[in-house]
Amino acid sequence: MISEGQIIHVAMPSAWRSSNETYTSDSLASEGFIHSCTPDQVAGVLARHFAGHRALLLLVISPPDLVSAVRVEEAPPHGWYPHIYGPINQAAVVNVLPIEAGPDGVFILPEGFH
């Protein structure tokens, strides 16, 4: 499901559905990059930034296939995260995984995530 080196972007289903050849998030305009994370970081990102959401998508991205640059940068106090400096071309998205929050509000991750 997830291969070595792939990164994850958490997306709103409506934003992904409305994208065509490329996908952007609000953070590209406001911060200059699109937030992403490693598979090991997904649970923490969901808990910190997506509490209250019920359904989301995990975009599994192959960095070598991106047309935009990726830089791994520190995001204190939580560690180092990959940031995508430009739009995500859909050809770089190798899988789209829908996730839902359980009754306790915690997202149920697909197999292969920690």
# chains A, B, ... in the order shown; residues from 1 in each chain; ligands from 1
call {"tool": "select_by_dssp", "arguments": {"residues": "region 13-97 of chain A", "states": "alpha helix (DSSP H)", "output": "list in words"}}
result
Pro13, Ser14, Ala15, Trp16, Arg17, Asp26, Ser27, Leu28, Ala29, Ser30, Glu31, Val42, Ala43, Gly44, Val45, Leu46, Ala47, Arg48 and His49 of chain A
call {"tool": "residues_around", "arguments": {"residues": "Tyr81 (chain A)", "least_positions_apart": "2", "cutoff": "9 Å", "atoms": "only C-alpha atoms", "output": "ChimeraX atom specification"}}
result
/A:35-38,41,71-75,78-79,83
call {"tool": "write_last_selection", "arguments": {"atoms": "N, CA, C and O atoms", "output": "JSON list (two decimals), in the first residue's frame"}}
result
[["chain", "number", "residue", "atom", "x", "y", "z"],
["A", 35, "HIS", "N", 1.41, 21.27, 2.83],
["A", 35, "HIS", "CA", 1.85, 20.40, 3.92],
["A", 35, "HIS", "C", 1.71, 18.94, 3.52],
["A", 35, "HIS", "O", 0.74, 18.55, 2.89],
["A", 36, "SER", "N", 2.69, 18.15, 3.90],
["A", 36, "SER", "CA", 2.60, 16.70, 3.75],
["A", 36, "SER", "C", 3.36, 16.07, 4.90],
["A", 36, "SER", "O", 3.94, 16.77, 5.74],
["A", 37, "CYS", "N", 3.34, 14.76, 4.96],
["A", 37, "CYS", "CA", 4.00, 14.06, 6.06],
["A", 37, "CYS", "C", 4.41, 12.67, 5.60],
["A", 37, "CYS", "O", 4.06, 12.24, 4.50],
["A", 38, "THR", "N", 5.14, 11.99, 6.44],
["A", 38, "THR", "CA", 5.49, 10.60, 6.17],
["A", 38, "THR", "C", 4.37, 9.71, 6.71],
["A", 38, "THR", "O", 3.56, 10.15, 7.53],
["A", 41, "GLN", "N", 3.93, 9.77, 10.40],
["A", 41, "GLN", "CA", 3.47, 11.03, 11.00],
["A", 41, "GLN", "C", 1.98, 11.27, 10.84],
["A", 41, "GLN", "O", 1.43, 12.19, 11.44],
["A", 71, "ARG", "N", 10.81, 19.87, -0.06],
["A", 71, "ARG", "CA", 11.87, 20.13, 0.90],
["A", 71, "ARG", "C", 11.42, 19.59, 2.25],
["A", 71, "ARG", "O", 10.29, 19.84, 2.68],
["A", 72, "VAL", "N", 12.31, 18.89, 2.92],
["A", 72, "VAL", "CA", 12.02, 18.42, 4.27],
["A", 72, "VAL", "C", 12.51, 19.51, 5.22],
["A", 72, "VAL", "O", 13.68, 19.86, 5.22],
["A", 73, "GLU", "N", 11.56, 20.04, 6.01],
["A", 73, "GLU", "CA", 11.86, 21.18, 6.86],
["A", 73, "GLU", "C", 11.34, 20.94, 8.27],
["A", 73, "GLU", "O", 10.36, 20.22, 8.46],
["A", 74, "GLU", "N", 11.98, 21.59, 9.21],
["A", 74, "GLU", "CA", 11.59, 21.44, 10.61],
["A", 74, "GLU", "C", 10.31, 22.22, 10.89],
["A", 74, "GLU", "O", 10.15, 23.35, 10.44],
["A", 75, "ALA", "N", 9.42, 21.57, 11.62],
["A", 75, "ALA", "CA", 8.16, 22.19, 12.06],
["A", 75, "ALA", "C", 8.08, 22.00, 13.57],
["A", 75, "ALA", "O", 7.40, 21.09, 14.05],
["A", 78, "HIS", "N", 7.23, 19.44, 16.47],
["A", 78, "HIS", "CA", 6.82, 18.10, 16.05],
["A", 78, "HIS", "C", 7.79, 17.38, 15.13],
["A", 78, "HIS", "O", 7.54, 16.24, 14.77],
["A", 79, "GLY", "N", 8.86, 18.00, 14.71],
["A", 79, "GLY", "CA", 9.85, 17.31, 13.90],
["A", 79, "GLY", "C", 9.98, 17.86, 12.50],
["A", 79, "GLY", "O", 9.68, 19.02, 12.23],
["A", 83, "HIS", "N", 7.55, 19.39, 2.69],
["A", 83, "HIS", "CA", 6.70, 20.47, 2.21],
["A", 83, "HIS", "C", 6.82, 20.51, 0.69],
["A", 83, "HIS", "O", 7.94, 20.44, 0.15]]
call {"tool": "closest_residue", "arguments": {"among": "A:Phe50, A:Trp80, A:Trp16, A:Tyr85", "to": "Glu31 (chain A)", "atoms": "only C-alpha atoms"}}
result
A:Tyr85
call {"tool": "residues_around", "arguments": {"residues": "Gly105 (chain A)", "least_positions_apart": "5", "cutoff": "10 Å", "atoms": "only C-alpha atoms", "output": "VMD selection string"}}
result
chain A and resid 47 50 to 54 100
call {"tool": "write_last_selection", "arguments": {"atoms": "N, CA and C atoms", "output": "tab-separated table (two decimals), in the first residue's frame"}}
result
chain	number	residue	atom	x	y	z
A	47	ALA	N	-4.56	14.02	14.42
A	47	ALA	CA	-4.99	14.39	15.78
A	47	ALA	C	-4.81	15.89	16.03
A	50	PHE	N	-6.87	17.91	12.38
A	50	PHE	CA	-8.12	17.53	11.73
A	50	PHE	C	-9.18	17.01	12.70
A	51	ALA	N	-9.03	17.32	13.97
A	51	ALA	CA	-10.05	16.94	14.95
A	51	ALA	C	-11.37	17.58	14.55
A	52	GLY	N	-12.42	16.83	14.67
A	52	GLY	CA	-13.75	17.33	14.32
A	52	GLY	C	-14.17	16.99	12.91
A	53	HIS	N	-13.23	16.63	12.06
A	53	HIS	CA	-13.59	16.19	10.71
A	53	HIS	C	-14.06	14.74	10.78
A	54	ARG	N	-14.91	14.37	9.87
A	54	ARG	CA	-15.44	13.00	9.87
A	54	ARG	C	-14.84	12.15	8.75
A	100	GLU	N	-12.14	7.59	7.66
A	100	GLU	CA	-13.24	8.15	8.45
A	100	GLU	C	-12.88	8.09	9.91
call {"tool": "select_by_dssp", "arguments": {"residues": "chain A", "states": "strand (DSSP E)", "output": "ChimeraX atom specification"}}
result
/A:7-11,22-23,34-35,55-61,69-74,80-85,88-89,93-100
call {"tool": "residues_around", "arguments": {"residues": "Phe107 (chain A)", "least_positions_apart": "3", "cutoff": "12 Å", "atoms": "only C-alpha atoms", "output": "list in words"}}
result
Val10, Val42, Ala43, Gly44, Val45, Leu46, Ala47, Arg48, His49, Phe50, Ala51, Gly52, His53, Arg54, Ala55, Leu56, Leu57, Leu58, Pro98, Ile99, Glu100, Ala101, Gly102, Pro103, Asp104, Pro110, Phe113 and His114 of chain A
call {"tool": "closest_residue", "arguments": {"among": "A:Ser14, A:Ser30, A:Ser19, A:Ser3", "to": "Asn89 (chain A)", "atoms": "only C-alpha atoms"}}
result
A:Ser19
call {"tool": "closest_residue", "arguments": {"among": "A:Thr22, A:Pro76, A:Leu28, A:Ala92", "to": "Gln6 (chain A)", "atoms": "only C-alpha atoms"}}
result
A:Ala92
call {"tool": "atom_distance", "arguments": {"atom1": "CA of Ile8 (chain A)", "atom2": "CA of Gly112 (chain A)"}}
result
12.4 Å
call {"tool": "residues_around", "arguments": {"residues": "Ser62 (chain A)", "least_positions_apart": "4", "cutoff": "8 Å", "atoms": "only C-alpha atoms", "output": "list in words"}}
result
Gly5, Gln6, Ile7, Leu66, Ala92, Val93 and Val94 of chain A
call {"tool": "closest_residue", "arguments": {"among": "A:Val67, A:Ile2, A:Leu59, A:Ile108", "to": "Asp40 (chain A)", "atoms": "only C-alpha atoms"}}
result
A:Ile2
call {"tool": "atom_distance", "arguments": {"atom1": "CA of Asp26 (chain A)", "atom2": "CA of Val70 (chain A)"}}
result
17.1 Å
call {"tool": "atom_distance", "arguments": {"atom1": "CA of Tyr23 (chain A)", "atom2": "CA of Asp65 (chain A)"}}
result
14.0 Å
call {"tool": "decode", "arguments": {"residues": "region 48-68 of chain A", "atoms": "N, CA and C atoms", "output": "mmCIF file, in the first residue's frame"}}
result
data_model
loop_
_atom_site.group_PDB
_atom_site.id
_atom_site.type_symbol
_atom_site.label_atom_id
_atom_site.label_comp_id
_atom_site.auth_asym_id
_atom_site.auth_seq_id
_atom_site.Cartn_x
_atom_site.Cartn_y
_atom_site.Cartn_z
ATOM 1 N N ARG A 48 -3.706 16.457 15.542
ATOM 2 C CA ARG A 48 -3.424 17.873 15.810
ATOM 3 C C ARG A 48 -4.221 18.826 14.935
ATOM 4 N N HIS A 49 -4.452 18.463 13.669
ATOM 5 C CA HIS A 49 -4.981 19.434 12.712
ATOM 6 C C HIS A 49 -6.359 19.112 12.134
ATOM 7 N N PHE A 50 -6.873 17.908 12.377
ATOM 8 C CA PHE A 50 -8.123 17.528 11.726
ATOM 9 C C PHE A 50 -9.179 17.013 12.697
ATOM 10 N N ALA A 51 -9.031 17.322 13.970
ATOM 11 C CA ALA A 51 -10.047 16.939 14.953
ATOM 12 C C ALA A 51 -11.374 17.580 14.551
ATOM 13 N N GLY A 52 -12.421 16.825 14.674
ATOM 14 C CA GLY A 52 -13.747 17.330 14.324
ATOM 15 C C GLY A 52 -14.173 16.989 12.910
ATOM 16 N N HIS A 53 -13.235 16.629 12.062
ATOM 17 C CA HIS A 53 -13.591 16.188 10.711
ATOM 18 C C HIS A 53 -14.065 14.740 10.776
ATOM 19 N N ARG A 54 -14.915 14.367 9.874
ATOM 20 C CA ARG A 54 -15.444 12.996 9.866
ATOM 21 C C ARG A 54 -14.841 12.146 8.746
ATOM 22 N N ALA A 55 -14.624 12.738 7.573
ATOM 23 C CA ALA A 55 -14.113 11.984 6.427
ATOM 24 C C ALA A 55 -13.060 12.817 5.702
ATOM 25 N N LEU A 56 -11.942 12.185 5.399
ATOM 26 C CA LEU A 56 -10.832 12.830 4.706
ATOM 27 C C LEU A 56 -10.241 11.866 3.695
ATOM 28 N N LEU A 57 -9.291 12.371 2.919
ATOM 29 C CA LEU A 57 -8.557 11.533 1.981
ATOM 30 C C LEU A 57 -7.068 11.616 2.290
ATOM 31 N N LEU A 58 -6.385 10.498 2.171
ATOM 32 C CA LEU A 58 -4.935 10.482 2.247
ATOM 33 C C LEU A 58 -4.432 10.338 0.817
ATOM 34 N N LEU A 59 -3.748 11.375 0.319
ATOM 35 C CA LEU A 59 -3.159 11.301 -1.005
ATOM 36 C C LEU A 59 -1.752 10.735 -0.842
ATOM 37 N N VAL A 60 -1.499 9.590 -1.435
ATOM 38 C CA VAL A 60 -0.183 8.958 -1.375
ATOM 39 C C VAL A 60 0.591 9.452 -2.596
ATOM 40 N N ILE A 61 1.712 10.109 -2.331
ATOM 41 C CA ILE A 61 2.447 10.826 -3.370
ATOM 42 C C ILE A 61 3.834 10.222 -3.570
ATOM 43 N N SER A 62 4.218 10.096 -4.833
ATOM 44 C CA SER A 62 5.567 9.671 -5.205
ATOM 45 C C SER A 62 6.389 10.935 -5.484
ATOM 46 N N PRO A 63 7.273 11.351 -4.561
ATOM 47 C CA PRO A 63 8.035 12.589 -4.756
ATOM 48 C C PRO A 63 8.794 12.684 -6.080
ATOM 49 N N PRO A 64 9.411 11.598 -6.596
ATOM 50 C CA PRO A 64 10.117 11.745 -7.878
ATOM 51 C C PRO A 64 9.195 12.106 -9.043
ATOM 52 N N ASP A 65 7.905 11.838 -8.904
ATOM 53 C CA ASP A 65 6.956 12.130 -9.979
ATOM 54 C C ASP A 65 6.323 13.519 -9.865
ATOM 55 N N LEU A 66 6.623 14.234 -8.795
ATOM 56 C CA LEU A 66 6.080 15.588 -8.622
ATOM 57 C C LEU A 66 6.757 16.568 -9.570
ATOM 58 N N VAL A 67 5.977 17.515 -10.093
ATOM 59 C CA VAL A 67 6.561 18.594 -10.887
ATOM 60 C C VAL A 67 7.051 19.723 -9.976
ATOM 61 N N SER A 68 6.617 19.733 -8.735
ATOM 62 C CA SER A 68 7.008 20.747 -7.758
ATOM 63 C C SER A 68 8.100 20.207 -6.844
#
